file model_18.cif (mmCIF, C-alpha atoms)
data_final
#
loop_
_atom_site.label_atom_id
_atom_site.label_comp_id
_atom_site.auth_asym_id
_atom_site.auth_seq_id
_atom_site.Cartn_x
_atom_site.Cartn_y
_atom_site.Cartn_z
CA MET A 292 9.98 -34.63 17.85
CA SER A 293 8.27 -33.55 14.66
CA LYS A 294 5.19 -32.69 16.69
CA SER A 295 6.62 -29.84 18.71
CA ARG A 296 8.65 -28.04 16.09
CA PRO A 297 5.90 -26.70 13.85
CA SER A 298 4.02 -25.36 16.86
CA ALA A 299 7.15 -23.70 18.26
CA LEU A 300 7.88 -22.07 14.92
CA ALA A 301 4.24 -21.10 14.41
CA ALA A 302 4.25 -19.52 17.86
CA LEU A 303 7.37 -17.57 16.90
CA LEU A 304 5.76 -16.34 13.67
CA VAL A 305 2.59 -15.26 15.50
CA ARG A 306 4.67 -13.46 18.12
CA GLU A 307 6.77 -11.59 15.55
CA LEU A 308 3.72 -10.49 13.57
CA ARG A 309 1.90 -9.40 16.73
CA ILE A 310 4.85 -7.34 17.93
CA THR A 311 5.28 -5.60 14.59
CA ARG A 312 1.56 -4.88 14.33
CA ARG A 313 1.26 -3.54 17.88
CA ILE A 314 4.30 -1.31 17.70
CA GLY A 315 2.41 0.28 14.84
CA GLY A 316 4.07 2.35 12.16
CA ALA A 317 7.03 -0.01 12.01
CA ALA A 318 5.54 -1.80 9.03
CA SER A 319 4.24 1.28 7.25
CA MET A 320 7.45 3.25 7.89
CA GLY A 321 9.30 1.20 5.26
CA VAL A 322 6.62 1.96 2.68
CA VAL A 323 6.63 5.67 3.52
CA PHE A 324 10.43 5.76 3.23
CA PHE A 325 10.07 3.95 -0.12
CA LEU A 326 7.58 6.60 -1.22
CA CYS A 327 9.90 9.41 -0.13
CA LEU A 328 12.80 8.03 -2.13
CA VAL A 329 10.66 7.59 -5.23
CA ALA A 330 9.09 11.03 -4.80
CA ILE A 331 12.39 12.92 -4.55
CA THR A 332 13.87 11.24 -7.62
CA PRO A 333 12.06 13.46 -10.20
CA PHE A 334 13.31 16.48 -8.29
CA ALA A 335 16.88 15.26 -8.62
CA ILE A 336 16.72 13.96 -12.19
CA GLY A 337 14.27 16.43 -13.65
CA PRO A 338 10.76 16.00 -15.02
CA ASP A 339 11.83 14.26 -18.25
CA LEU A 340 9.23 11.45 -18.43
CA LYS A 341 11.16 9.37 -20.96
CA LEU A 342 14.28 9.43 -18.81
CA LEU A 343 12.28 8.66 -15.67
CA ALA A 344 10.58 5.72 -17.34
CA ARG A 345 13.97 4.36 -18.36
CA VAL A 346 15.62 4.65 -14.93
CA GLY A 347 12.34 4.02 -13.03
CA PRO A 348 12.84 0.27 -12.42
CA ALA A 349 16.36 0.90 -11.12
CA ILE A 350 15.12 3.63 -8.79
CA LEU A 351 12.34 1.42 -7.44
CA TRP A 352 14.84 -1.35 -6.81
CA ILE A 353 17.33 0.89 -5.02
CA ALA A 354 14.49 2.35 -2.96
CA ALA A 355 13.32 -1.17 -2.06
CA LEU A 356 16.87 -2.17 -1.09
CA LEU A 357 17.29 0.84 1.21
CA SER A 358 13.81 0.45 2.72
CA THR A 359 14.52 -3.19 3.49
CA LEU A 360 17.78 -2.33 5.24
CA LEU A 361 16.14 0.45 7.22
CA GLY A 362 14.39 -1.72 9.78
CA LEU A 363 16.70 -4.70 9.73
CA ASP A 364 19.07 -3.60 12.50
CA ARG A 365 16.32 -4.26 15.07
CA LEU A 366 15.69 -7.80 13.75
CA PHE A 367 17.73 -9.46 16.51
CA GLN A 368 18.79 -6.45 18.55
CA ALA A 369 15.42 -6.08 20.28
CA ASP A 370 15.61 -9.73 21.36
CA HIS A 371 19.21 -9.28 22.42
CA ASP A 372 18.42 -6.26 24.58
CA ASP A 373 15.57 -7.83 26.55
CA GLY A 374 17.21 -11.23 27.00
CA SER A 375 14.90 -13.11 24.63
CA LEU A 376 17.80 -14.09 22.39
CA ASP A 377 19.38 -16.09 25.25
CA LEU A 378 16.22 -18.12 25.58
CA LEU A 379 15.96 -18.70 21.84
CA PHE A 380 19.32 -20.49 22.14
CA LEU A 381 17.84 -22.77 24.81
CA ALA A 382 15.00 -23.99 22.62
CA GLN A 383 15.08 -27.42 21.04
CA THR A 384 14.30 -25.77 17.71
CA PRO A 385 17.51 -25.18 15.72
CA LEU A 386 18.57 -21.53 15.68
CA GLU A 387 18.73 -21.67 11.86
CA LEU A 388 14.97 -22.28 11.69
CA VAL A 389 14.34 -19.53 14.24
CA VAL A 390 16.32 -17.16 12.01
CA LEU A 391 14.38 -18.23 8.94
CA VAL A 392 11.01 -17.67 10.63
CA LYS A 393 12.07 -14.26 11.95
CA CYS A 394 13.14 -13.30 8.41
CA LEU A 395 9.82 -14.54 7.04
CA ALA A 396 7.91 -12.42 9.55
CA HIS A 397 10.06 -9.41 8.77
CA TRP A 398 9.53 -9.85 5.04
CA LEU A 399 5.76 -10.24 5.46
CA MET A 400 5.60 -6.98 7.38
CA THR A 401 8.07 -4.87 5.36
CA GLY A 402 8.97 -6.57 2.06
CA LEU A 403 5.47 -7.54 0.99
CA PRO A 404 4.01 -4.03 1.47
CA LEU A 405 6.84 -2.70 -0.72
CA VAL A 406 5.92 -5.17 -3.46
CA ALA A 407 2.26 -4.18 -3.19
CA ALA A 408 3.09 -0.47 -3.29
CA SER A 409 5.60 -0.64 -6.14
CA PRO A 410 3.06 -0.52 -9.06
CA VAL A 411 1.46 2.59 -7.56
CA PHE A 412 4.79 4.31 -7.04
CA GLY A 413 5.93 3.17 -10.50
CA LEU A 414 3.12 5.28 -11.96
CA MET A 415 4.78 8.34 -10.43
CA LEU A 416 7.86 7.55 -12.51
CA GLY A 417 5.87 7.11 -15.72
CA LEU A 418 6.51 3.38 -16.11
CA THR A 419 4.65 1.43 -18.80
CA PRO A 420 2.07 -1.15 -17.66
CA HIS A 421 4.45 -3.91 -18.70
CA ALA A 422 7.26 -2.41 -16.66
CA LEU A 423 4.97 -2.02 -13.64
CA GLY A 424 4.26 -5.75 -13.71
CA ALA A 425 7.92 -6.62 -14.23
CA VAL A 426 9.03 -4.46 -11.31
CA ALA A 427 6.40 -5.88 -8.96
CA LEU A 428 7.20 -9.47 -9.96
CA SER A 429 10.97 -9.01 -9.68
CA LEU A 430 10.56 -7.33 -6.27
CA LEU A 431 8.29 -10.18 -5.14
CA VAL A 432 10.97 -12.80 -5.73
CA GLY A 433 13.97 -10.52 -5.02
CA THR A 434 13.09 -8.81 -1.71
CA PRO A 435 13.18 -12.07 0.33
CA ALA A 436 16.84 -12.40 -0.71
CA LEU A 437 17.49 -8.81 0.45
CA THR A 438 15.92 -9.53 3.83
CA LEU A 439 17.84 -12.79 4.24
CA ILE A 440 21.18 -11.25 3.27
CA GLY A 441 20.49 -8.29 5.52
CA ALA A 442 19.81 -10.70 8.38
CA ILE A 443 23.48 -11.76 8.28
CA GLY A 444 24.44 -8.15 8.92
CA ALA A 445 21.80 -7.93 11.65
CA GLY A 446 23.29 -11.02 13.30
CA LEU A 447 26.82 -9.62 13.10
CA THR A 448 25.88 -6.24 14.56
CA VAL A 449 23.46 -7.58 17.19
CA SER A 450 25.41 -6.37 20.20
CA LEU A 451 26.39 -2.99 18.79
CA ARG A 452 24.50 0.07 19.99
CA ARG A 453 24.41 1.89 16.66
CA GLY A 454 24.71 -1.02 14.29
CA GLY A 455 22.41 0.27 11.56
CA LEU A 456 25.05 2.07 9.52
CA LEU A 457 27.59 -0.74 9.87
CA LEU A 458 24.90 -3.19 8.82
CA SER A 459 24.30 -1.26 5.60
CA ILE A 460 28.02 -1.10 4.87
CA LEU A 461 28.36 -4.85 5.41
CA VAL A 462 25.27 -5.83 3.49
CA LEU A 463 25.12 -3.50 0.49
CA PRO A 464 28.13 -5.06 -1.33
CA ILE A 465 26.70 -8.58 -0.94
CA SER A 466 23.34 -7.39 -2.23
CA VAL A 467 24.82 -6.28 -5.56
CA PRO A 468 24.05 -9.51 -7.48
CA VAL A 469 20.42 -9.37 -6.38
CA LEU A 470 20.23 -5.74 -7.47
CA ILE A 471 21.84 -6.43 -10.88
CA PHE A 472 19.50 -9.24 -11.83
CA GLY A 473 16.49 -7.61 -10.19
CA VAL A 474 16.92 -4.43 -12.20
CA ALA A 475 17.73 -6.42 -15.35
CA ALA A 476 14.46 -8.33 -15.03
CA ALA A 477 12.48 -5.24 -14.06
CA SER A 478 13.67 -3.15 -16.98
CA ALA A 479 13.44 -5.86 -19.65
CA GLU A 480 11.14 -4.64 -22.42
CA PRO A 481 9.02 -6.90 -24.59
CA GLY A 482 11.05 -7.60 -27.72
CA GLY A 483 14.16 -6.00 -26.20
CA ILE A 484 17.71 -7.33 -26.26
CA VAL A 485 17.52 -8.75 -22.74
CA PRO A 486 14.54 -11.08 -22.29
CA PHE A 487 12.62 -10.99 -19.00
CA MET A 488 12.94 -14.64 -18.08
CA THR A 489 16.75 -14.99 -18.03
CA PRO A 490 17.54 -12.45 -15.28
CA PHE A 491 14.24 -13.30 -13.55
CA LEU A 492 15.16 -16.98 -13.22
CA ILE A 493 18.64 -16.08 -11.98
CA LEU A 494 16.97 -13.81 -9.42
CA CYS A 495 14.75 -16.73 -8.32
CA GLY A 496 17.92 -18.82 -8.01
CA LEU A 497 19.63 -16.17 -5.88
CA THR A 498 16.67 -16.07 -3.52
CA LEU A 499 16.62 -19.86 -3.21
CA VAL A 500 20.35 -19.89 -2.48
CA ALA A 501 19.78 -17.17 0.13
CA VAL A 502 17.02 -19.24 1.78
CA ALA A 503 19.31 -22.27 1.90
CA LEU A 504 22.54 -20.64 3.06
CA THR A 505 22.01 -17.37 4.91
CA PRO A 506 20.21 -18.87 7.96
CA PHE A 507 23.40 -20.80 8.72
CA ALA A 508 25.56 -17.69 8.39
CA THR A 509 23.16 -15.63 10.50
CA ALA A 510 22.88 -18.29 13.20
CA ALA A 511 26.68 -18.60 13.30
CA ALA A 512 26.97 -14.81 13.65
CA LEU A 513 24.42 -14.82 16.49
CA ARG A 514 26.18 -17.66 18.31
CA HIS A 515 29.45 -15.82 18.04
CA GLY A 516 27.83 -12.59 19.19
CA ALA A 517 26.33 -14.29 22.25
CA GLU A 518 29.80 -14.75 23.70
CA MET B 193 19.38 -37.03 35.87
CA GLN B 194 22.88 -36.53 37.18
CA ILE B 195 25.30 -33.74 36.40
CA GLU B 196 29.00 -34.17 37.03
CA ALA B 197 31.16 -31.13 36.33
CA SER B 198 34.92 -31.21 36.75
CA ALA B 199 37.88 -28.90 36.18
CA LEU B 200 35.75 -26.13 34.69
CA ALA B 201 37.52 -22.92 33.71
CA LEU B 202 36.06 -19.78 32.30
CA GLU B 203 37.64 -16.87 30.53
CA ARG B 204 36.07 -13.49 29.77
CA GLY B 205 37.79 -10.90 27.65
CA GLY B 206 41.14 -12.67 27.90
CA ARG B 207 40.99 -12.80 31.71
CA ILE B 208 40.64 -16.05 33.63
CA ILE B 209 37.64 -15.80 35.94
CA PHE B 210 37.92 -19.16 37.63
CA THR B 211 39.69 -22.45 37.09
CA ASN B 212 39.38 -25.97 38.37
CA LEU B 213 35.77 -25.68 39.45
CA GLY B 214 33.83 -28.86 40.02
CA PHE B 215 30.48 -29.91 41.40
CA SER B 216 28.00 -32.72 41.13
CA LEU B 217 24.26 -32.51 41.26
CA SER B 218 21.55 -35.10 41.06
CA ASP B 219 17.75 -35.19 41.11
CA GLY B 220 16.19 -33.17 43.88
CA GLN B 221 19.35 -31.27 44.77
CA ALA B 222 20.13 -27.59 44.69
CA LEU B 223 23.37 -25.69 44.44
CA VAL B 224 23.69 -22.08 45.52
CA VAL B 225 26.53 -20.15 43.92
CA THR B 226 27.84 -17.28 46.01
CA GLY B 227 30.78 -14.94 45.84
CA PRO B 228 31.64 -11.27 45.55
CA ASN B 229 30.69 -9.12 42.55
CA GLY B 230 32.70 -10.10 39.52
CA ALA B 231 33.52 -13.57 40.82
CA GLY B 232 31.85 -15.13 37.78
CA LYS B 233 28.49 -16.27 39.17
CA SER B 234 26.48 -15.01 36.20
CA SER B 235 29.11 -16.19 33.75
CA LEU B 236 29.04 -19.67 35.28
CA LEU B 237 25.26 -19.87 34.89
CA ARG B 238 25.39 -18.57 31.32
CA ALA B 239 28.10 -21.09 30.48
CA LEU B 240 26.08 -23.91 32.02
CA ALA B 241 23.13 -22.83 29.88
CA GLY B 242 25.38 -23.09 26.84
CA LEU B 243 25.43 -19.35 26.18
CA LEU B 244 29.17 -19.08 26.83
CA PRO B 245 31.92 -21.61 26.13
CA PHE B 246 33.99 -23.00 28.98
CA ALA B 247 37.73 -22.55 28.47
CA ALA B 248 38.37 -26.00 29.92
CA GLY B 249 36.74 -28.82 31.82
CA ARG B 250 33.90 -31.19 31.14
CA ILE B 251 30.29 -31.66 32.14
CA ALA B 252 28.91 -35.18 32.11
CA VAL B 253 25.16 -35.56 32.02
CA THR B 254 23.69 -38.96 32.76
CA PRO B 255 21.61 -40.34 31.19
CA GLY B 256 23.67 -39.08 28.29
CA GLY B 257 22.17 -36.12 26.53
CA SER B 258 23.07 -33.30 24.24
CA GLY B 259 24.48 -30.88 26.79
CA LEU B 260 22.56 -29.02 29.44
CA SER B 261 20.87 -26.28 27.42
CA GLU B 262 17.87 -28.32 26.31
CA HIS B 263 17.27 -29.47 29.87
CA SER B 264 17.61 -26.02 31.37
CA HIS B 265 15.48 -23.06 32.24
CA TYR B 266 17.54 -19.90 32.40
CA VAL B 267 16.30 -16.84 34.25
CA GLY B 268 18.90 -14.10 33.90
CA HIS B 269 19.00 -10.42 34.72
CA ALA B 270 16.84 -9.58 31.70
CA ASP B 271 13.25 -10.76 31.93
CA ALA B 272 12.78 -11.60 28.22
CA LEU B 273 9.36 -9.97 28.06
CA LYS B 274 8.12 -8.11 25.00
CA PRO B 275 6.59 -4.85 26.21
CA SER B 276 3.91 -4.80 23.52
CA LEU B 277 2.64 -8.31 24.27
CA THR B 278 0.44 -9.16 27.23
CA VAL B 279 1.81 -11.21 30.11
CA TYR B 280 -0.20 -14.19 28.89
CA GLU B 281 1.03 -13.86 25.31
CA ASN B 282 4.63 -13.61 26.47
CA LEU B 283 4.30 -16.74 28.55
CA GLU B 284 2.35 -18.59 25.87
CA PHE B 285 5.15 -17.94 23.40
CA TRP B 286 7.92 -19.16 25.69
CA ALA B 287 5.86 -22.21 26.63
CA ALA B 288 5.53 -23.12 22.95
CA LEU B 289 9.17 -22.45 22.17
CA LEU B 290 10.77 -24.03 25.23
CA GLY B 291 8.39 -26.97 25.42
CA ARG B 292 10.00 -30.34 24.98
CA ALA B 293 8.75 -32.78 22.40
CA ASP B 294 9.32 -35.91 24.49
CA THR B 295 7.35 -34.64 27.49
CA PRO B 296 4.43 -32.71 26.05
CA PRO B 297 2.18 -31.05 28.62
CA ALA B 298 -1.29 -32.52 28.91
CA ASP B 299 -2.91 -29.16 28.38
CA PRO B 300 -0.60 -26.18 27.66
CA VAL B 301 -3.29 -23.58 28.40
CA VAL B 302 -4.05 -25.01 31.83
CA GLN B 303 -0.32 -25.18 32.52
CA ILE B 304 0.17 -21.50 31.64
CA GLU B 305 -2.83 -20.37 33.69
CA MET B 306 -1.61 -22.43 36.62
CA ALA B 307 1.83 -20.81 36.35
CA LEU B 308 0.32 -17.31 36.27
CA ALA B 309 -1.93 -18.04 39.23
CA ARG B 310 0.91 -19.52 41.27
CA LEU B 311 2.97 -16.33 40.90
CA GLY B 312 0.01 -14.05 41.50
CA LEU B 313 -0.19 -12.76 37.94
CA ALA B 314 -3.65 -14.04 37.01
CA ARG B 315 -5.27 -10.62 37.44
CA ILE B 316 -2.79 -8.82 35.20
CA ALA B 317 -2.46 -11.56 32.57
CA ASP B 318 -4.12 -9.38 29.93
CA LEU B 319 -1.96 -6.34 30.63
CA PRO B 320 0.85 -5.49 28.18
CA ALA B 321 4.18 -6.25 29.84
CA ALA B 322 5.25 -2.62 29.36
CA TYR B 323 2.96 -1.58 32.23
CA LEU B 324 4.38 -4.04 34.75
CA SER B 325 6.50 -3.07 37.73
CA ALA B 326 10.00 -4.51 38.10
CA GLY B 327 8.79 -7.11 40.59
CA GLN B 328 5.85 -8.12 38.39
CA LYS B 329 8.18 -8.47 35.40
CA ARG B 330 10.46 -10.69 37.45
CA ARG B 331 7.47 -12.83 38.47
CA ALA B 332 6.40 -13.09 34.83
CA ALA B 333 9.90 -14.31 33.97
CA LEU B 334 9.77 -16.83 36.82
CA ALA B 335 6.37 -18.06 35.57
CA ARG B 336 8.26 -19.62 32.63
CA LEU B 337 9.70 -22.13 35.07
CA LEU B 338 6.24 -23.48 35.78
CA ALA B 339 4.71 -23.10 32.33
CA VAL B 340 7.17 -25.60 30.85
CA ARG B 341 8.77 -28.40 32.78
CA ARG B 342 12.55 -28.60 32.44
CA PRO B 343 14.60 -30.47 35.03
CA LEU B 344 17.40 -27.97 35.62
CA TRP B 345 16.68 -24.39 36.69
CA LEU B 346 19.54 -21.91 36.27
CA LEU B 347 18.54 -18.85 38.26
CA ASP B 348 20.60 -15.68 38.34
CA GLU B 349 19.55 -13.57 41.34
CA PRO B 350 15.96 -14.82 41.09
CA ALA B 351 14.72 -12.79 44.06
CA THR B 352 15.74 -9.41 42.63
CA ALA B 353 12.92 -6.83 42.93
CA LEU B 354 10.58 -9.32 44.62
CA ASP B 355 8.65 -8.30 47.73
CA ALA B 356 8.64 -10.48 50.84
CA ALA B 357 5.45 -12.33 49.89
CA SER B 358 6.74 -13.08 46.39
CA GLN B 359 10.08 -14.26 47.78
CA LYS B 360 8.14 -16.71 49.92
CA VAL B 361 6.22 -17.94 46.86
CA LEU B 362 9.52 -18.32 44.99
CA ALA B 363 10.97 -20.38 47.82
CA GLU B 364 7.87 -22.61 47.85
CA VAL B 365 8.00 -23.04 44.08
CA MET B 366 11.68 -23.99 44.23
CA LEU B 367 11.09 -26.46 47.07
CA ALA B 368 8.25 -28.04 45.11
CA HIS B 369 10.53 -28.35 42.08
CA LEU B 370 13.19 -30.10 44.19
CA ALA B 371 10.60 -32.38 45.78
CA ASP B 372 9.48 -33.25 42.27
CA GLY B 373 13.00 -34.42 41.43
CA GLY B 374 14.18 -31.24 39.75
CA MET B 375 17.53 -29.52 40.12
CA ILE B 376 18.36 -25.89 40.81
CA ILE B 377 21.59 -23.94 40.42
CA ALA B 378 21.09 -20.41 41.69
CA ALA B 379 23.46 -17.48 41.97
CA THR B 380 22.49 -15.23 44.82
CA HIS B 381 23.59 -12.79 47.47
CA ALA B 382 20.46 -13.15 49.58
CA PRO B 383 19.52 -16.45 51.22
CA LEU B 384 16.85 -18.24 49.18
CA GLY B 385 15.60 -20.54 51.91
CA LEU B 386 16.69 -23.71 50.16
CA PRO B 387 18.33 -26.81 51.55
CA ALA B 388 21.29 -26.39 49.25
CA ARG B 389 24.99 -26.91 49.08
CA GLU B 390 27.04 -23.82 48.57
CA LEU B 391 29.59 -23.19 45.85
CA VAL B 392 31.75 -20.19 46.70
CA LEU B 393 33.39 -18.49 43.78
CA GLY B 394 36.33 -16.13 43.93
CA GLY B 395 37.49 -17.34 47.34
CA THR B 396 40.71 -18.99 46.29
CA ASN B 397 41.44 -17.53 42.89
CA GLY B 398 42.06 -13.94 43.80
CA GLY B 399 38.48 -12.98 44.46
CA ALA B 400 37.01 -9.97 42.78
CA ALA B 401 40.38 -8.41 42.08
#

call {"tool": "encode", "arguments": {"input": "model_18.cif", "output": "structure tokens"}}
result
Amino acid sequence: MSKSRPSALAALLVRELRITRRIGGAASMGVVFFLCLVAITPFAIGPDLKLLARVGPAILWIAALLSTLLGLDRLFQADHDDGSLDLLFLAQTPLELVVLVKCLAHWLMTGLPLVAASPVFGLMLGLTPHALGAVALSLLVGTPALTLIGAIGAGLTVSLRRGGLLLSILVLPISVPVLIFGVAAASAEPGGIVPFMTPFLILCGLTLVAVALTPFATAAALRHGAE
Amino acid sequence: MQIEASALALERGGRIIFTNLGFSLSDGQALVVTGPNGAGKSSLLRALAGLLPFAAGRIAVTPGGSGLSEHSHYVGHADALKPSLTVYENLEFWAALLGRADTPPADPVVQIEMALARLGLARIADLPAAYLSAGQKRRAALARLLAVRRPLWLLDEPATALDAASQKVLAEVMLAHLADGGMIIAATHAPLGLPARELVLGGTNGGAA
């Protein structure tokens, strides 16, 4: 029993990563979208460097949230369209674990590049070195929660043709806590009123809760959608 | 393994498709489901695979198990192939995911290559599935049946898009599966060349209307 499951899940992870890599552009598109959002901000707010540095962490977080949601509607829809989802139900591996592995693959290909790119894009907003580190670290622990929460929306909208917009409407309100504590941690200054660790640890907690709970919600949504 | 289904009823979109359907099937037997379009052949197969709930009825599996889905191969209208992966990679993935822990294959790679060769796909195994013709895609989907052993095959129009030679191979593969003690439930309009009992849907319950 325990012998087959890791290999089935490993095969799923390899497959997901291969597909994303071969389709090409899918992974980098999120980062380019992220860059676009960050690049247009100074045009909207104005070239005031002090102001940009103050709102910079929040802008990076909002950009990361929107970039994460961008590709999520295809998370299960592609499998639904070609019949793969039916077969995933037939596997001995619990659907919850399948969901978790698919989210992991999605995060590795879209969330992680965002984290890696955030210090570079932070420079464009005039962030201090300390803030650059805080943003990257808070995105590193926060973006998995965004992907996992978004997966619930992806599961609910799996059979809809144009589910992307509905997905965003469903998911954005639930993502608010992650955004609040993510931005709080990212914009904490050394010696400021809000310390870095308090919101950061809450953010870690939110991600852990998301890992534990959202696969069940997503799997339930998929099972319901299969009917 | 023995399957005993009784008083099955299925409902789709608030409309009863069939009621009081029963059949029994044991090792080495096949059941061919026929009926006009809309009689519920595909829905019956999907429900047997556990993808749809039955509105009523029960299915007893002996020796007792956890439903039919883990014992079943399901080949539906969609071929479940990822266009960007090669035929081999597609099959390798499904073999790993659908493989059963209690009956591990001796050598998964040999098993996959054997399945590809049997369905005449060995030469195009390294081709991305996007370049395959409809018949080749169907054969790649059918190769799943051989790559992983599962006792019950649920086949929805398995011969769609297959040429005469491939249909013959399919018939041979199905006969070999039955001879090996497997079971097949197939929905079809065309004769599959199987020694099978027939289950006619939509004959008594108002048909396709």

call {"tool": "atom_distance", "arguments": {"input": "model_18.cif", "atom1": "atom CA of Ala368 of chain B", "atom2": "atom CA of Val301 of chain B"}}
result
20.8 Å

call {"tool": "residues_near_point", "arguments": {"input": "model_18.cif", "point": "(16.7, -17.3, -9.5)", "cutoff": "12 Å", "atoms": "only C-alpha atoms", "output": "ChimeraX atom specification"}}
result
/A:429,431-433,435-436,468-469,472-473,476,488-502

call {"tool": "closest_residue", "arguments": {"input": "model_18.cif", "among": "B:Arg250, B:His269, B:Lys233, B:Arg331", "to": "chain A", "atoms": "all atoms listed in the file"}}
result
B:His269

call {"tool": "residues_around", "arguments": {"input": "model_18.cif", "residues": "segment 413-423 of chain A", "least_positions_apart": "3", "cutoff": "7 Å", "atoms": "all atoms listed in the file", "output": "CSV table (one decimal) with C-alpha atoms, in the coordinates of the input"}}
result
chain,number,residue,atom,x,y,z
A,340,LEU,CA,9.2,11.4,-18.4
A,343,LEU,CA,12.3,8.7,-15.7
A,344,ALA,CA,10.6,5.7,-17.3
A,347,GLY,CA,12.3,4.0,-13.0
A,409,SER,CA,5.6,-0.6,-6.1
A,410,PRO,CA,3.1,-0.5,-9.1
A,426,VAL,CA,9.0,-4.5,-11.3
A,427,ALA,CA,6.4,-5.9,-9.0
A,477,ALA,CA,12.5,-5.2,-14.1
A,478,SER,CA,13.7,-3.2,-17.0

call {"tool": "resolve_selection", "arguments": {"input": "model_18.cif", "expression": "the PyMOL selection byres ((chain A) within 9 of (chain B))", "output": "PyMOL selection string"}}
result
chain A and resi 292-296+298-303+305-306+309-310+313-314+369-384+514+517-518

call {"tool": "write_last_selection", "arguments": {"input": "model_18.cif", "atoms": "C-alpha atoms", "output": "PDB file, keeping the file's coordinate frame"}}
result
ATOM      1  CA  MET A 292       9.980 -34.630  17.850  1.00  0.00           C
ATOM      2  CA  SER A 293       8.270 -33.550  14.660  1.00  0.00           C
ATOM      3  CA  LYS A 294       5.190 -32.690  16.690  1.00  0.00           C
ATOM      4  CA  SER A 295       6.620 -29.840  18.710  1.00  0.00           C
ATOM      5  CA  ARG A 296       8.650 -28.040  16.090  1.00  0.00           C
ATOM      6  CA  SER A 298       4.020 -25.360  16.860  1.00  0.00           C
ATOM      7  CA  ALA A 299       7.150 -23.700  18.260  1.00  0.00           C
ATOM      8  CA  LEU A 300       7.880 -22.070  14.920  1.00  0.00           C
ATOM      9  CA  ALA A 301       4.240 -21.100  14.410  1.00  0.00           C
ATOM     10  CA  ALA A 302       4.250 -19.520  17.860  1.00  0.00           C
ATOM     11  CA  LEU A 303       7.370 -17.570  16.900  1.00  0.00           C
ATOM     12  CA  VAL A 305       2.590 -15.260  15.500  1.00  0.00           C
ATOM     13  CA  ARG A 306       4.670 -13.460  18.120  1.00  0.00           C
ATOM     14  CA  ARG A 309       1.900  -9.400  16.730  1.00  0.00           C
ATOM     15  CA  ILE A 310       4.850  -7.340  17.930  1.00  0.00           C
ATOM     16  CA  ARG A 313       1.260  -3.540  17.880  1.00  0.00           C
ATOM     17  CA  ILE A 314       4.300  -1.310  17.700  1.00  0.00           C
ATOM     18  CA  ALA A 369      15.420  -6.080  20.280  1.00  0.00           C
ATOM     19  CA  ASP A 370      15.610  -9.730  21.360  1.00  0.00           C
ATOM     20  CA  HIS A 371      19.210  -9.280  22.420  1.00  0.00           C
ATOM     21  CA  ASP A 372      18.420  -6.260  24.580  1.00  0.00           C
ATOM     22  CA  ASP A 373      15.570  -7.830  26.550  1.00  0.00           C
ATOM     23  CA  GLY A 374      17.210 -11.230  27.000  1.00  0.00           C
ATOM     24  CA  SER A 375      14.900 -13.110  24.630  1.00  0.00           C
ATOM     25  CA  LEU A 376      17.800 -14.090  22.390  1.00  0.00           C
ATOM     26  CA  ASP A 377      19.380 -16.090  25.250  1.00  0.00           C
ATOM     27  CA  LEU A 378      16.220 -18.120  25.580  1.00  0.00           C
ATOM     28  CA  LEU A 379      15.960 -18.700  21.840  1.00  0.00           C
ATOM     29  CA  PHE A 380      19.320 -20.490  22.140  1.00  0.00           C
ATOM     30  CA  LEU A 381      17.840 -22.770  24.810  1.00  0.00           C
ATOM     31  CA  ALA A 382      15.000 -23.990  22.620  1.00  0.00           C
ATOM     32  CA  GLN A 383      15.080 -27.420  21.040  1.00  0.00           C
ATOM     33  CA  THR A 384      14.300 -25.770  17.710  1.00  0.00           C
ATOM     34  CA  ARG A 514      26.180 -17.660  18.310  1.00  0.00           C
ATOM     35  CA  ALA A 517      26.330 -14.290  22.250  1.00  0.00           C
ATOM     36  CA  GLU A 518      29.800 -14.750  23.700  1.00  0.00           C
TER      37      GLU A 518
END

call {"tool": "closest_residue", "arguments": {"input": "model_18.cif", "among": "B:Pro350, B:Pro255, B:Gly214, B:Gly206", "to": "Leu236 of chain B", "atoms": "only C-alpha atoms"}}
result
B:Gly214

call {"tool": "atom_distance", "arguments": {"input": "model_18.cif", "atom1": "atom CA of Gly441 of chain A", "atom2": "atom CA of Leu405 of chain A"}}
result
16.0 Å

call {"tool": "resolve_selection", "arguments": {"input": "model_18.cif", "expression": "the PyMOL selection byres ((chain B and resi 303-314) around 9)", "output": "list of chain:residue names"}}
result
B:Val279, B:Tyr280, B:Leu283, B:Glu284, B:Ala287, B:Pro297, B:Ala298, B:Asp299, B:Pro300, B:Val301, B:Val302, B:Arg315, B:Ile316, B:Ala317, B:Asp318, B:Gln328, B:Arg331, B:Ala332, B:Leu334, B:Ala335, B:Arg336, B:Leu337, B:Leu338, B:Ala339, B:Val340, B:Ser358, B:Val361, B:Leu362, B:Val365
